[in-house]
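Quick look at data_0.cif (mmCIF, C-alpha atoms):
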```
data_upload
#
loop_
_atom_site.label_atom_id
_atom_site.label_comp_id
_atom_site.auth_asym_id
_atom_site.auth_seq_id
_atom_site.Cartn_x
_atom_site.Cartn_y
_atom_site.Cartn_z
CA MET M 31 -46.09 -8.09 -17.30
CA THR M 32 -45.58 -8.92 -13.63
CA VAL M 33 -44.71 -12.50 -12.91
CA PRO M 34 -46.35 -13.90 -9.75
CA GLY M 35 -43.81 -14.43 -7.05
CA GLY M 36 -41.27 -12.36 -8.99
CA PRO M 37 -39.78 -10.52 -5.98
CA VAL M 38 -39.68 -13.79 -4.02
CA ASN M 39 -37.85 -15.50 -6.85
CA THR M 40 -35.48 -12.55 -7.15
CA LEU M 41 -34.70 -12.74 -3.43
CA LYS M 42 -34.22 -16.49 -3.68
CA ASP M 43 -31.89 -16.06 -6.64
CA ALA M 44 -29.88 -13.45 -4.74
CA LEU M 45 -29.57 -15.73 -1.70
CA ASP M 46 -28.61 -18.66 -3.90
CA ARG M 47 -25.95 -16.54 -5.56
CA TRP M 48 -24.46 -14.66 -2.61
CA PHE M 49 -25.16 -16.73 0.50
CA LYS M 50 -25.48 -20.41 -0.33
CA PRO M 51 -22.13 -20.79 -2.14
CA TYR M 52 -20.41 -18.91 0.67
CA ALA M 53 -22.43 -20.36 3.56
CA ALA M 54 -19.51 -22.26 5.09
CA LEU M 55 -17.33 -19.17 4.91
CA TRP M 56 -19.93 -16.79 6.37
CA ILE M 57 -21.01 -19.13 9.17
CA THR M 58 -17.46 -19.98 10.23
CA LEU M 59 -16.39 -16.33 10.19
CA VAL M 60 -19.42 -15.16 12.18
CA LEU M 61 -19.22 -17.94 14.77
CA GLY M 62 -15.44 -17.71 14.93
CA GLY M 63 -15.54 -13.95 15.36
CA PHE M 64 -18.06 -14.33 18.16
CA VAL M 65 -15.79 -16.86 19.87
CA VAL M 66 -12.75 -14.58 19.59
CA VAL M 67 -14.66 -11.67 21.12
CA LEU M 68 -15.80 -14.02 23.91
CA LEU M 69 -12.17 -15.03 24.42
CA THR M 70 -11.37 -11.35 24.83
CA VAL M 71 -14.09 -11.01 27.45
CA GLY M 72 -12.93 -14.17 29.24
CA GLY M 73 -9.34 -13.08 28.92
CA ALA M 74 -10.25 -9.84 30.64
CA GLU M 75 -11.44 -11.75 33.69
CA VAL M 76 -8.35 -13.98 33.71
CA TYR M 77 -6.16 -10.93 33.22
CA GLU M 78 -7.59 -9.18 36.28
CA SER M 79 -6.91 -12.27 38.39
CA VAL M 80 -3.33 -12.46 37.11
CA VAL M 81 -2.70 -8.80 37.88
CA GLU M 82 -4.13 -9.12 41.38
CA ALA M 83 -1.96 -12.19 42.04
CA ASP M 84 1.18 -10.54 40.59
CA GLY M 85 1.59 -13.42 38.15
CA LEU M 86 2.77 -12.64 34.63
CA ALA M 87 2.12 -8.98 35.30
CA ALA M 88 5.12 -9.03 37.63
CA LEU M 89 7.23 -9.01 34.46
CA ASP M 90 5.72 -5.76 33.21
CA GLU M 91 7.75 -3.28 35.22
CA PRO M 92 11.14 -5.07 34.96
CA VAL M 93 10.74 -5.36 31.18
CA LEU M 94 9.82 -1.68 30.88
CA GLU M 95 12.80 -0.69 33.03
CA THR M 96 15.08 -2.71 30.76
CA ALA M 97 13.59 -1.05 27.69
CA ILE M 98 14.26 2.40 29.15
CA THR M 99 17.96 1.59 29.56
CA LEU M 100 18.21 0.65 25.86
CA ARG M 101 16.76 3.88 24.50
CA SER M 102 18.62 6.53 22.55
CA PRO M 103 17.39 9.47 20.43
CA GLY M 104 18.19 7.71 17.15
CA LEU M 105 16.74 4.35 18.16
CA ASP M 106 13.64 6.00 19.63
CA SER M 107 12.96 7.78 16.33
CA ALA M 108 13.48 4.61 14.29
CA VAL M 109 11.18 2.51 16.50
CA THR M 110 8.54 5.27 16.52
CA ALA M 111 8.58 5.36 12.72
CA PHE M 112 8.16 1.59 12.62
CA THR M 113 5.33 1.48 15.17
CA ASN M 114 3.47 4.18 13.20
CA VAL M 115 3.18 1.69 10.33
CA GLY M 116 0.95 -0.40 12.60
CA GLY M 117 -1.18 2.56 13.68
CA THR M 118 -4.70 3.59 12.73
CA ILE M 119 -3.45 5.16 9.49
CA GLY M 120 -0.41 3.13 8.49
CA MET M 121 -1.84 -0.37 9.02
CA PRO M 122 -5.04 0.15 7.00
CA ILE M 123 -3.06 1.66 4.11
CA LEU M 124 -0.53 -1.21 4.11
CA ALA M 125 -3.26 -3.85 4.34
CA LEU M 126 -5.36 -2.17 1.64
CA LEU M 127 -2.47 -1.99 -0.83
CA LEU M 128 -1.46 -5.62 -0.33
CA THR M 129 -5.09 -6.80 -0.43
CA ALA M 130 -5.75 -4.88 -3.65
CA TRP M 131 -2.68 -6.50 -5.18
CA LEU M 132 -3.78 -10.01 -4.15
CA THR M 133 -7.34 -9.34 -5.32
CA PHE M 134 -6.03 -8.30 -8.72
CA LEU M 135 -3.77 -11.35 -9.03
CA SER M 136 -6.41 -13.86 -7.96
CA ARG M 137 -9.24 -12.24 -9.96
CA SER M 138 -11.42 -12.91 -6.92
CA TRP M 139 -13.06 -10.83 -4.18
CA ARG M 140 -12.18 -13.42 -1.55
CA PRO M 141 -8.95 -11.73 -0.37
CA LEU M 142 -10.90 -8.53 0.21
CA LEU M 143 -13.70 -10.40 1.99
CA LEU M 144 -11.26 -12.18 4.30
CA MET M 145 -9.40 -8.98 5.12
CA VAL M 146 -12.58 -7.01 5.87
CA ALA M 147 -13.89 -9.79 8.15
CA SER M 148 -10.49 -10.11 9.83
CA ALA M 149 -10.21 -6.38 10.46
CA ALA M 150 -13.78 -6.11 11.79
CA VAL M 151 -13.32 -8.79 14.45
CA SER M 152 -9.84 -7.51 15.34
CA LEU M 153 -11.30 -4.06 15.97
CA ALA M 154 -14.19 -5.53 17.99
CA ALA M 155 -11.82 -7.57 20.16
CA THR M 156 -9.55 -4.57 20.74
CA THR M 157 -12.48 -2.33 21.66
CA ALA M 158 -14.04 -4.92 23.98
CA GLY M 159 -10.77 -5.53 25.81
CA LYS M 160 -10.04 -1.86 26.32
CA ILE M 161 -13.55 -1.13 27.61
CA LEU M 162 -13.67 -4.15 29.96
CA ILE M 163 -10.21 -3.73 31.45
CA GLY M 164 -9.59 0.01 31.20
CA ARG M 165 -5.99 -0.57 32.19
CA ALA M 166 -3.77 2.49 32.43
CA ARG M 167 -0.76 2.70 30.19
CA PRO M 168 2.76 3.09 31.61
CA ASP M 169 3.40 6.54 33.06
CA THR M 170 4.23 9.17 30.45
CA ALA M 171 7.52 9.79 32.25
CA ASP M 172 8.53 6.28 31.15
CA ALA M 173 7.20 6.61 27.58
CA VAL M 174 8.50 8.08 24.36
CA PRO M 175 6.27 10.78 22.83
CA PRO M 176 3.83 11.12 21.20
CA TYR M 177 1.82 9.81 24.14
CA GLU M 178 -1.40 7.81 23.85
CA THR M 179 -4.43 8.11 26.11
CA SER M 180 -6.64 5.13 25.26
CA PRO M 181 -6.72 2.12 27.65
CA SER M 182 -3.68 -0.14 27.46
CA PHE M 183 -5.10 -3.69 27.29
CA PRO M 184 -4.84 -5.24 24.74
CA SER M 185 -2.30 -3.59 22.43
CA GLY M 186 -4.31 -2.55 19.39
CA HIS M 187 -1.21 -2.09 17.23
CA THR M 188 -0.07 -5.63 18.05
CA LEU M 189 -3.48 -7.28 17.70
CA ASN M 190 -4.26 -5.65 14.36
CA ALA M 191 -0.78 -6.34 12.99
CA THR M 192 -1.03 -10.00 14.04
CA VAL M 193 -4.41 -10.45 12.37
CA LEU M 194 -3.95 -8.47 9.17
CA ILE M 195 -0.37 -9.49 8.46
CA GLY M 196 -1.13 -13.10 9.45
CA VAL M 197 -4.03 -13.32 7.00
CA LEU M 198 -2.04 -11.55 4.29
CA VAL M 199 0.82 -14.04 4.67
CA TYR M 200 -1.68 -16.89 4.35
CA LEU M 201 -3.14 -15.41 1.17
CA ILE M 202 0.32 -14.83 -0.31
CA CYS M 203 1.25 -18.44 0.38
CA LEU M 204 -1.90 -19.55 -1.43
CA GLN M 205 -1.20 -17.24 -4.32
CA PHE M 206 2.37 -18.30 -4.98
CA HIS M 207 3.87 -21.76 -5.05
CA THR M 208 7.55 -20.66 -5.24
CA ARG M 209 9.25 -21.73 -2.03
CA TRP M 210 11.43 -18.67 -1.59
CA ILE M 211 8.42 -16.36 -1.91
CA ARG M 212 6.56 -18.28 0.79
CA ILE M 213 9.58 -18.39 3.10
CA THR M 214 10.17 -14.66 2.58
CA ALA M 215 6.52 -13.83 3.25
CA ILE M 216 6.35 -15.96 6.42
CA THR M 217 9.67 -14.65 7.75
CA ALA M 218 8.87 -11.01 6.99
CA GLY M 219 5.35 -11.36 8.42
CA ALA M 220 6.54 -12.99 11.63
CA ALA M 221 9.29 -10.40 12.05
CA PHE M 222 6.78 -7.58 11.53
CA ILE M 223 4.31 -9.01 14.05
CA VAL M 224 6.94 -9.69 16.72
CA GLY M 225 8.65 -6.37 16.07
CA MET M 226 5.38 -4.45 16.39
CA GLY M 227 4.70 -5.94 19.80
CA ILE M 228 8.23 -5.33 21.04
CA SER M 229 8.15 -1.74 19.76
CA ARG M 230 5.07 -0.99 21.87
CA VAL M 231 6.84 -2.12 25.03
CA PHE M 232 10.12 -0.44 24.06
CA LEU M 233 8.40 2.92 23.62
CA GLY M 234 6.54 2.57 26.92
CA HIS M 235 3.14 2.69 25.23
CA HIS M 236 2.09 -0.75 26.51
CA TRP M 237 2.92 -3.27 29.19
CA LEU M 238 4.35 -6.64 28.20
CA THR M 239 1.12 -8.44 29.15
CA ASP M 240 -0.88 -6.16 26.84
CA VAL M 241 1.28 -7.31 23.95
CA VAL M 242 1.31 -11.02 24.84
CA ALA M 243 -2.50 -11.03 25.11
CA ALA M 244 -2.77 -9.29 21.73
CA TRP M 245 -0.50 -11.86 20.10
CA LEU M 246 -2.57 -14.76 21.47
CA LEU M 247 -5.94 -13.26 20.54
CA GLY M 248 -4.68 -12.29 17.10
CA LEU M 249 -3.31 -15.74 16.35
CA ALA M 250 -6.58 -17.33 17.51
CA TRP M 251 -8.53 -15.21 15.03
CA VAL M 252 -6.09 -15.90 12.18
CA VAL M 253 -6.61 -19.63 12.75
CA VAL M 254 -10.39 -19.16 12.57
CA VAL M 255 -10.11 -17.20 9.32
CA ILE M 256 -7.93 -19.89 7.75
CA VAL M 257 -10.33 -22.65 8.86
CA ALA M 258 -13.25 -20.67 7.41
CA HIS M 259 -11.44 -20.29 4.12
CA ARG M 260 -10.62 -23.98 3.91
CA ALA M 261 -14.21 -24.92 4.82
CA PHE M 262 -15.46 -22.66 2.04
CA HIS M 263 -13.31 -24.36 -0.56
CA MET M 264 -14.27 -27.83 0.66
CA PHE M 265 -17.91 -26.87 0.19
CA ARG M 266 -17.25 -25.37 -3.24
CA ARG M 267 -15.37 -28.44 -4.43
CA ARG M 268 -18.47 -30.54 -3.74
CA GLU M 269 -20.53 -28.07 -5.76
CA ARG M 270 -18.28 -27.78 -8.79
CA SER M 271 -15.29 -29.37 -10.40
CA GLY M 272 -11.75 -28.16 -9.95
CA PRO M 273 -9.09 -28.50 -7.30
CA THR M 274 -9.29 -26.74 -3.97
CA PRO M 275 -6.68 -23.96 -3.78
CA SER M 276 -3.90 -24.93 -1.39
CA PHE M 277 -0.20 -24.38 -0.89
CA ASP M 278 0.38 -26.96 -3.63
CA ARG M 279 -2.34 -25.59 -5.89
CA PRO M 280 -2.19 -21.76 -5.74
CA ILE M 281 -5.30 -19.79 -6.57
CA MET M 282 -3.69 -17.91 -9.44
CA ARG M 283 -2.87 -21.20 -11.15
CA ASP M 284 -6.38 -22.65 -10.95
CA ARG M 285 -8.15 -23.18 -14.22
CA PRO M 286 -10.80 -20.49 -14.93
CA ALA M 287 -13.71 -22.85 -14.25
CA SER M 288 -16.89 -20.92 -14.86
CA GLY M 289 -16.25 -17.24 -15.19
CA GLU M 290 -14.81 -16.83 -11.71
#
```

Now that the file is in, can you turn its structure into structure tokens?
Amino acid sequence: MTVPGGPVNTLKDALDRWFKPYAALWITLVLGGFVVVLLTVGGAEVYESVVEADGLAALDEPVLETAITLRSPGLDSAVTAFTNVGGTIGMPILALLLTAWLTFLSRSWRPLLLMVASAAVSLAATTAGKILIGRARPDTADAVPPYETSPSFPSGHTLNATVLIGVLVYLICLQFHTRWIRITAITAGAAFIVGMGISRVFLGHHWLTDVVAAWLLGLAWVVVVIVAHRAFHMFRRRERSGPTPSFDRPIMRDRPASGE
């Protein structure tokens, strides 16, 4: 027997289940992602003005020249191995493994959702910046192989590392309340992000300004993701009982409220 309005009710139930409870999260992520991509576009215009005026870009060549003097076969190999971790293969694998671990611990899909949204906007910002600027990388004579041919601005390795590692550190801090775990995660994450940017300049794969822009854009998006996550939990706390997960109330220690 077909119930009148059945499909409509089914659609309404689906929206009530998947959109309404997560409305604050979805809206903040979408709007925030749009703003970050706009910042990339605006940053492209500002960047061109800076380059033409020899502002911060005047540091690019001196910094690269200094990096060249510090190179050695052993150090070059070590830095290349490290920078490969932040590449198109290494970074997704690292992020996927850590996200799967956090998803398992929290018994929630939210870590996966945040990481997918974070990665999508990071990729969009990187692509938009490279297309709009089209800046050439340092000359191959000044770079350590293997050489890269895509546009230089912004540094994709640095931007993606900043976003994915930044969000992962945030999720780890929510998951665990032990101080030494949080301090270790924050220290290791910051060292990884800074080291990834420096490695790109050291190897001659990017200019300093490419890396600085990637750090700033990445941090801006991490802040948006964190705000979205907090907004989501504020909304959920009004809808149901139970404390909002925070650094003092880790997710894994929340009471299993209603089958979540």

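Each of M:Ala215, M:Ala261, M:Val109, M:Leu132 was checked against Gly196 (chain M) using all atoms listed in the file; the smallest atom-to-atom distance is that of M:Ala215.
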
Check: Separation of CA of Thr179 (chain M) and CA of Leu249 (chain M), in Å?
Finding: 25.8 Å

Note to self: Can you tell me which residues surround His236 (chain M) at a distance of at most 7 Å, considering all atoms listed in the file, apart from same-chain residues fewer than 6 positions away, and format the answer as a ChimeraX atom specification?
What the structure shows: /M:167-168,182,185,230

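Coordinates place CA of His259 (chain M) at a distance of 26.7 Å from CA of Gly227 (chain M).
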
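Atom pair CA of Gly225 (chain M) / CA of Gln205 (chain M): separated by 25.1 Å.
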
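Minimum atom-to-atom distance to Ile98 (chain M), evaluated using all atoms listed in the file, belongs to M:Asp172 out of M:Thr208, M:Ile256, M:Leu198, M:Asp172.
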
For the file shown, what are the residues hit by the PyMOL selection byres ((chain M and resi 151-157) around 8), laid out as a compact mmCIF listing (two decimals) with C-alpha atoms, in the frame of the given file?
```txt
# COMPACT_ATOMS: atom_id res chain seq x y z
CA GLY M 63 -15.54 -13.95 15.36
CA VAL M 66 -12.75 -14.58 19.59
CA VAL M 67 -14.66 -11.67 21.12
CA THR M 70 -11.37 -11.35 24.83
CA ALA M 147 -13.89 -9.79 8.15
CA SER M 148 -10.49 -10.11 9.83
CA ALA M 149 -10.21 -6.38 10.46
CA ALA M 150 -13.78 -6.11 11.79
CA ALA M 158 -14.04 -4.92 23.98
CA GLY M 159 -10.77 -5.53 25.81
CA LYS M 160 -10.04 -1.86 26.32
CA ILE M 161 -13.55 -1.13 27.61
CA PHE M 183 -5.10 -3.69 27.29
CA PRO M 184 -4.84 -5.24 24.74
CA SER M 185 -2.30 -3.59 22.43
CA GLY M 186 -4.31 -2.55 19.39
CA LEU M 189 -3.48 -7.28 17.70
CA ASN M 190 -4.26 -5.65 14.36
CA VAL M 193 -4.41 -10.45 12.37
CA GLY M 248 -4.68 -12.29 17.10
CA TRP M 251 -8.53 -15.21 15.03
```

Next item on the list: Excluding Met226 (chain M) and any residue of its chain fewer than 6 positions from it, enumerate the residues within 8 Å of it, using only C-alpha atoms, and give them as a VMD selection string.
Entry: chain M and resid 112 to 113 116 187 to 188 191

Notebook entry, point to check: Pick from M:Val242, M:Ile228, M:Ile211, M:Leu144: nearest to Val254 (chain M), with only C-alpha atoms counted?
Noted result: M:Leu144
